[in-house]
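Visitor: This one is target34.tsv, TSV, C-alpha atoms and all ligand atoms.
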chain	number	residue	atom	x	y	z
A	39	MET	CA	0.00	0.00	0.00
A	40	LYS	CA	1.33	3.45	-0.92
A	41	ARG	CA	0.26	6.84	0.28
A	42	PHE	CA	1.57	10.36	-0.22
A	43	LEU	CA	2.01	12.25	3.07
A	44	SER	CA	2.12	15.96	2.22
A	45	ASP	CA	3.30	17.21	5.61
A	46	GLU	CA	4.12	16.21	9.17
A	47	ALA	CA	0.43	16.30	10.15
A	48	ALA	CA	-0.28	13.67	7.49
A	49	THR	CA	2.46	11.42	8.90
A	50	ILE	CA	0.95	11.77	12.38
A	51	ALA	CA	-2.57	11.08	11.09
A	52	PHE	CA	-1.39	7.94	9.33
A	53	ALA	CA	0.34	6.68	12.50
A	54	ARG	CA	-2.94	7.17	14.38
A	55	GLN	CA	-4.88	5.34	11.67
A	56	LEU	CA	-2.46	2.42	11.71
A	57	PHE	CA	-2.66	2.22	15.50
A	58	GLU	CA	-6.45	1.95	15.32
A	59	HIS	CA	-6.11	-1.04	12.99
A	60	LEU	CA	-3.73	-2.94	15.27
A	61	PRO	CA	-5.15	-5.69	17.49
A	62	GLU	CA	-6.23	-4.91	21.05
A	63	ASN	CA	-3.28	-6.92	22.37
A	64	LEU	CA	-0.11	-5.47	20.88
A	65	ALA	CA	2.22	-8.17	22.27
A	66	GLY	CA	4.41	-9.95	19.75
A	67	TRP	CA	3.95	-7.50	16.87
A	68	THR	CA	7.01	-6.10	15.10
A	69	VAL	CA	6.95	-3.10	12.77
A	70	LEU	CA	10.06	-2.09	10.80
A	71	LEU	CA	10.48	1.63	10.01
A	72	SER	CA	12.86	2.39	7.14
A	73	GLY	CA	13.93	5.57	5.38
A	74	GLU	CA	16.87	7.93	5.26
A	75	LEU	CA	17.71	10.47	7.92
A	76	GLY	CA	14.90	13.00	8.23
A	77	ALA	CA	12.38	10.89	6.34
A	78	GLY	CA	10.06	10.85	9.35
A	79	LYS	CA	10.68	7.53	11.12
A	80	SER	CA	10.84	9.13	14.57
A	81	THR	CA	7.89	11.41	13.80
A	82	PHE	CA	5.86	8.31	12.94
A	83	ALA	CA	7.06	6.39	16.02
A	84	ARG	CA	6.29	9.30	18.35
A	85	ALA	CA	2.80	9.70	16.88
A	86	LEU	CA	2.05	5.99	17.25
A	87	ILE	CA	3.30	5.94	20.85
A	88	ASN	CA	1.18	9.03	21.62
A	89	ALA	CA	-1.82	7.44	19.88
A	90	ALA	CA	-1.39	4.47	22.23
A	91	GLY	CA	-1.94	6.85	25.14
A	92	HIS	CA	1.57	7.83	26.18
A	93	VAL	CA	1.74	11.40	27.41
A	94	GLY	CA	5.17	13.01	27.65
A	95	PRO	CA	8.40	13.00	25.73
A	96	VAL	CA	9.47	10.24	23.34
A	97	PRO	CA	13.27	10.52	23.40
A	98	SER	CA	15.36	9.03	20.63
A	99	PRO	CA	16.60	5.54	21.50
A	100	THR	CA	19.81	6.09	19.50
A	101	TYR	CA	22.03	5.66	22.57
A	102	THR	CA	19.83	3.57	24.85
A	103	LEU	CA	18.83	1.37	21.84
A	104	VAL	CA	15.45	0.60	23.47
A	105	GLU	CA	12.91	2.92	25.10
A	106	PRO	CA	9.90	1.12	26.65
A	107	TYR	CA	6.41	2.63	27.03
A	108	ASN	CA	3.72	1.01	29.14
A	109	VAL	CA	0.37	1.83	27.59
A	110	SER	CA	-3.12	0.45	28.16
A	111	ARG	CA	-2.82	-2.08	25.32
A	112	GLY	CA	0.58	-3.41	26.41
A	113	THR	CA	4.20	-2.36	26.15
A	114	ILE	CA	5.67	-0.57	23.16
A	115	TYR	CA	9.42	-0.91	22.66
A	116	HIS	CA	10.82	1.89	20.52
A	117	ILE	CA	14.07	0.45	19.17
A	118	ASP	CA	16.80	2.18	17.17
A	119	LEU	CA	19.38	-0.08	15.52
A	120	TYR	CA	21.43	2.77	14.01
A	121	ARG	CA	24.42	1.87	16.17
A	122	VAL	CA	24.04	-1.87	15.69
A	123	SER	CA	26.31	-3.42	13.06
A	124	ASP	CA	25.18	-7.02	12.92
A	125	GLU	CA	22.52	-9.47	14.04
A	126	GLU	CA	24.68	-10.82	16.87
A	127	GLU	CA	24.38	-7.49	18.68
A	128	LEU	CA	20.62	-7.93	18.94
A	129	ARG	CA	21.30	-10.40	21.74
A	130	TYR	CA	22.91	-7.64	23.80
A	131	LEU	CA	19.83	-5.50	23.64
A	132	GLY	CA	17.72	-8.51	24.65
A	133	TRP	CA	15.75	-8.61	21.39
A	134	ASN	CA	14.14	-11.99	22.10
A	135	GLU	CA	12.86	-10.89	25.51
A	136	LEU	CA	11.09	-7.93	23.91
A	137	ASP	CA	8.50	-10.21	22.31
A	138	ASP	CA	6.17	-9.55	25.27
A	139	GLY	CA	5.52	-6.18	23.68
A	140	PHE	CA	5.16	-4.30	20.40
A	141	ARG	CA	8.53	-3.72	18.74
A	142	LEU	CA	8.81	-0.55	16.66
A	143	VAL	CA	12.20	-0.64	14.95
A	144	GLU	CA	14.11	2.22	13.30
A	145	TRP	CA	17.07	1.32	11.01
A	146	PRO	CA	16.02	-2.35	10.71
A	147	ASP	CA	18.40	-2.79	7.74
A	148	ARG	CA	21.22	-3.02	10.32
A	149	ALA	CA	19.91	-6.53	11.07
A	150	PRO	CA	18.46	-7.86	7.78
A	151	GLY	CA	17.29	-11.10	9.39
A	152	LEU	CA	14.58	-9.16	11.23
A	153	SER	CA	12.32	-9.14	8.15
A	154	ALA	CA	11.62	-12.83	8.68
A	155	GLN	CA	10.31	-12.14	12.21
A	156	ALA	CA	8.40	-8.92	11.52
A	157	ASP	CA	4.77	-8.18	10.65
A	158	LEU	CA	4.92	-4.87	8.82
A	159	GLN	CA	7.47	-2.97	6.76
A	160	LEU	CA	6.90	0.76	6.60
A	161	THR	CA	9.17	2.83	4.37
A	162	LEU	CA	9.23	6.62	4.12
A	163	ALA	CA	10.95	8.39	1.21
A	164	TYR	CA	11.40	12.06	0.33
A	165	GLU	CA	9.09	13.25	-2.44
A	166	GLY	CA	9.00	16.98	-3.12
A	167	ASP	CA	8.10	18.73	0.12
A	168	GLY	CA	6.37	15.62	1.45
A	169	ARG	CA	6.98	11.92	1.87
A	170	GLN	CA	5.92	8.80	0.04
A	171	LEU	CA	4.86	6.06	2.41
A	172	GLU	CA	4.90	2.40	1.50
A	173	LEU	CA	3.47	-0.18	3.85
A	174	SER	CA	3.66	-3.90	3.26
A	175	GLY	CA	2.86	-6.99	5.24
A	176	LEU	CA	5.71	-9.32	6.14
A	177	SER	CA	3.56	-11.86	7.99
A	178	ASP	CA	0.06	-13.18	7.23
A	179	ARG	CA	-1.50	-11.07	9.96
A	180	GLY	CA	0.52	-8.05	8.78
A	181	ALA	CA	-0.71	-8.53	5.21
A	182	ALA	CA	-4.29	-8.86	6.48
A	183	LEU	CA	-3.93	-5.59	8.36
A	184	VAL	CA	-2.60	-3.77	5.28
A	185	ASN	CA	-5.69	-4.94	3.38
A	186	THR	CA	-7.94	-3.21	5.93
A	187	LEU	CA	-6.29	0.17	5.27
A	188	THR	CA	-7.84	2.15	2.46
A	189	PRO	CA	-5.33	3.38	-0.12
A	190	VAL	CA	-5.44	7.09	-0.99
A	201	LIG	N1	5.00	13.81	5.50
A	201	LIG	C1	5.92	14.74	5.77
A	201	LIG	N2	6.19	15.72	4.88
A	201	LIG	C2	7.13	16.64	5.14
A	201	LIG	N3	7.88	16.71	6.28
A	201	LIG	C3	7.65	15.75	7.20
A	201	LIG	C4	6.67	14.73	7.00
A	201	LIG	N4	6.67	13.91	8.07
A	201	LIG	C5	7.61	14.40	8.91
A	201	LIG	N5	8.19	15.51	8.40
A	201	LIG	C6	9.30	16.30	8.96
A	201	LIG	O1	10.52	15.66	8.58
A	201	LIG	C7	11.39	15.56	9.71
A	201	LIG	C8	11.50	14.09	10.09
A	201	LIG	O2	12.38	13.95	11.17
A	201	LIG	P1	12.46	12.57	11.96
A	201	LIG	O3	11.08	12.08	12.24
A	201	LIG	O4	13.39	12.78	13.10
A	201	LIG	O5	13.13	11.63	10.84
A	201	LIG	P2	13.96	10.28	11.00
A	201	LIG	O6	13.64	9.66	12.32
A	201	LIG	O7	13.52	9.45	9.83
A	201	LIG	O8	15.41	10.67	10.87
A	201	LIG	C9	10.77	16.40	10.81
A	201	LIG	O9	11.30	17.69	10.72
A	201	LIG	C10	9.27	16.39	10.47
A	201	LIG	O10	8.62	17.57	10.87
A	202	MG	MG	14.94	8.97	13.91
Would you write out, as structure tokens, the structure that this file holds?
Guide:
Amino acid sequence: MKRFLSDEAATIAFARQLFEHLPENLAGWTVLLSGELGAGKSTFARALINAAGHVGPVPSPTYTLVEPYNVSRGTIYHIDLYRVSDEEELRYLGWNELDDGFRLVEWPDRAPGLSAQADLQLTLAYEGDGRQLELSGLSDRGAALVNTLTPV
């Protein structure tokens, strides 16, 4: 599914829409967020975490690697793999133990094997003054979710 997001407000609105289509229990879902620097990955992540009910700052996990948020529908782990150079390092951040929550991953290309374990791939790309969004399902339930979103 592709959609043109003309400004930051459109990115935030899409994050809210996606959140509404996620299951009540967020545990075990993994969403990969790709795109170059400034494409809007963190804007999207912040909007989704806010949509889930978190009030307050959403600091970048660049140095901590993982920032957890306890929300009414479970735990959201905002993960940034920018500083990770290979799959082995995922063990150090306790990747496997984070499956009790919803994993929202920036720079997933640092660990290419993640695609096989993820549900959704969201990619943001610069287009004029806005961004082109592409969302695809990586798992059966992810693909089913994408089909419930209306393309624009
Ligand atoms: N759809 C959009 N169109 C134009 N600008 C956007 C859009 N979405 C977000 N932005 C802006 O682009 C920048 C994205 O920054 P950020 O979310 O930190 O990117 P990333 O995490 O991918 O490096 C912010 O300045 C934000 O206001
Ligand atoms: Mg970012």
Visitor: Using only C-alpha atoms and all ligand atoms, find each protein or nucleic acid residue lying at most 7 Å from ligand LIG 201 (chain A); present the set as a list in words.
Guide: Leu43, Ser44, Asp45, Glu46, Ala47, Ala48, Thr49, Gly73, Glu74, Leu75, Gly76, Ala77, Gly78, Lys79, Ser80, Thr81, Phe82, Asp167, Gly168 and Arg169 of chain A
Visitor: Taking into account only C-alpha atoms, which residue in the set A:Arg41, A:His59, A:Ala149, A:Leu142 is nearest to Ala182 of chain A?
Guide: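 The closest residue to Ala182 of chain A is A:His59.
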Visitor: One decimal, Å: what's the distance from atom CA of Asp157 of chain A over to atom CA of Val69 of chain A, could you say?
Guide: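 A separation of 5.9 Å between them.
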Visitor: Using all atoms listed in the file, pick whichever of A:Tyr107, A:Trp67, A:Tyr101, A:Phe52 has the shortest atom-to-atom distance to Phe140 of chain A.
Guide: A:Trp67
Visitor: Counting all atoms listed in the file, which residues sit no farther than 6 Å from the position (2.7, 2.0, 19.5) in the file's frame? I'd like them as a list in words.
Guide: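 Here is the list of nearby residues: Leu86, Ile87, Ala90 and Ile114 of chain A.
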Visitor: Using C-alpha atoms, can you export the residues from the last selection as an mmCIF file, in the coordinates of the input?
Guide:
data_model
loop_
_atom_site.group_PDB
_atom_site.id
_atom_site.type_symbol
_atom_site.label_atom_id
_atom_site.label_comp_id
_atom_site.auth_asym_id
_atom_site.auth_seq_id
_atom_site.Cartn_x
_atom_site.Cartn_y
_atom_site.Cartn_z
ATOM 1 C CA LEU A 86 2.050 5.990 17.250
ATOM 2 C CA ILE A 87 3.300 5.940 20.850
ATOM 3 C CA ALA A 90 -1.390 4.470 22.230
ATOM 4 C CA ILE A 114 5.670 -0.570 23.160
#
Visitor: So, counting all atoms listed in the file, which residue among A:Glu144, A:Asn134, A:Ala65, A:Gly94 is closest to ligand MG 202 (chain A)?
Guide: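 Of all the options, A:Glu144 lies closest to ligand MG 202 (chain A).
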Visitor: I'd like to know which of A:Ser110, A:Ser123, A:Ser98, A:Ser174 is closest to ligand MG 202 (chain A), using all atoms listed in the file.
Guide: A:Ser98
Visitor: Could you check which of A:Phe42, A:Tyr120, A:Tyr164, A:Phe57 is closest to ligand MG 202 (chain A), using all atoms listed in the file?
Guide: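 Ranked by minimum distance to ligand MG 202 (chain A), first place goes to A:Tyr120.
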Visitor: In Å to one decimal, how far is atom CA of Leu176 of chain A from atom CA of Gln155 of chain A?
Guide: 8.1 Å
